[in-house]
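Following: one structure in structure tokens, then a few remarks.
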Amino acid sequence: MKGITFSISISLIFLVLSFISGDRADRRSALVIVDVQKCFLTGGSLQVPKGEEVIPVINRLRNLPFDLIVLSQDWHPKNHISFADMHPGHSVFQTVNLTFDSNNQLCQPAWNLNRSQTPQCQGATQTIEQTLWPRHCVAHETDSEFHPDLIVQPSDVIIQKGTNQDIDSYSAFADNIRSASTGLEAVLKQRGITQVFVTGLAYEYCVAASVMDAVSVGLTTYFIEDASRSITPEGQLLAHKEMLSRGVTVLTSDQVKSKL
């Protein structure tokens, strides 16, 4: 009888181990590092307070067995719609309304955008609020480079966003009116990624937008809170609440290993 009991116990143990092993085999994980660029760090044109503190945390996370590591990079043209100096009479951190037509083209605004040609509106379909920022992360300029202390490997995937002069792109997945994808979703699907761990800058803007989009495309989504910093405490609180309401798991970097 004891032999039978022992045999059953061993069988149950193997069954549990097999289940755990199979569950882990079905999970493929990506570390997503959002906009850890010079423009958002000390001395940059749009610095996030204490932004450098995320770098050693992210570098340590790279030692974990992620199946893919992705870095996003704000990569704006010189005449980008989000720059305050493109809107005479407006100041940094003010907001303006931008209206787009049925073809996702920017309608003629009420102010001069210093452009010789701006399309007239052909049936406005949506209006969004745009925060005006200092000129930042201009493509190919030093300000747009990754911080030199951030580890970047040749095997990493780099996603550039905010490349359309007329539409901002907070999320690493798509622009702010969802008219164009950055290609990140396709990359994750191609690699069989089932869950993402999001880090970077700034907490309540590009990081939060990336987290929400990850949820929207059906990925199990984790936000590593000690690997991000916010522009304002108020913005951080609101973003944190929204993440939780969307089913995002908020954790710290020392809890990540157990989820892989």
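In the structure tokens, each chain is lettered A, B, ... as it comes, each chain's residues begin at 1, and ligands are numbered from 1 in order of appearance.
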What's around Ile177 (chain A) at 12 Å? Count only C-alpha atoms, leave out sequence neighbours fewer than 3 positions away in its own chain, and write the answer as a ChimeraX atom specification. /A:98-106,125-130,162,164,166-171,173-174,180-181
Enumerate as number ranges by chain all residues of region 34-169 of chain A assigned to alpha helix (DSSP H) by DSSP on the backbone, naming them with the chain letters and numbers the document uses. A: 54-61
Nearest to Val198 (chain A): which of A:Val211, A:Met86, A:Ile159, A:Val36 is it, counting only C-alpha atoms? A:Val211
Show which residues sit within 8 Å of Cys39 (chain A), as a ChimeraX atom specification. Count only C-alpha atoms, and ignore same-chain residues fewer than 6 positions away. /A:45-47,136-137,143-145
Considering only C-alpha atoms, return as a ChimeraX atom specification whatever protein or nucleic-acid residues lie within 8 Å of region 253-258 of chain A, sequence-local ones (same chain, fewer than 6 positions apart) excluded. /A:57,61,64,224-227
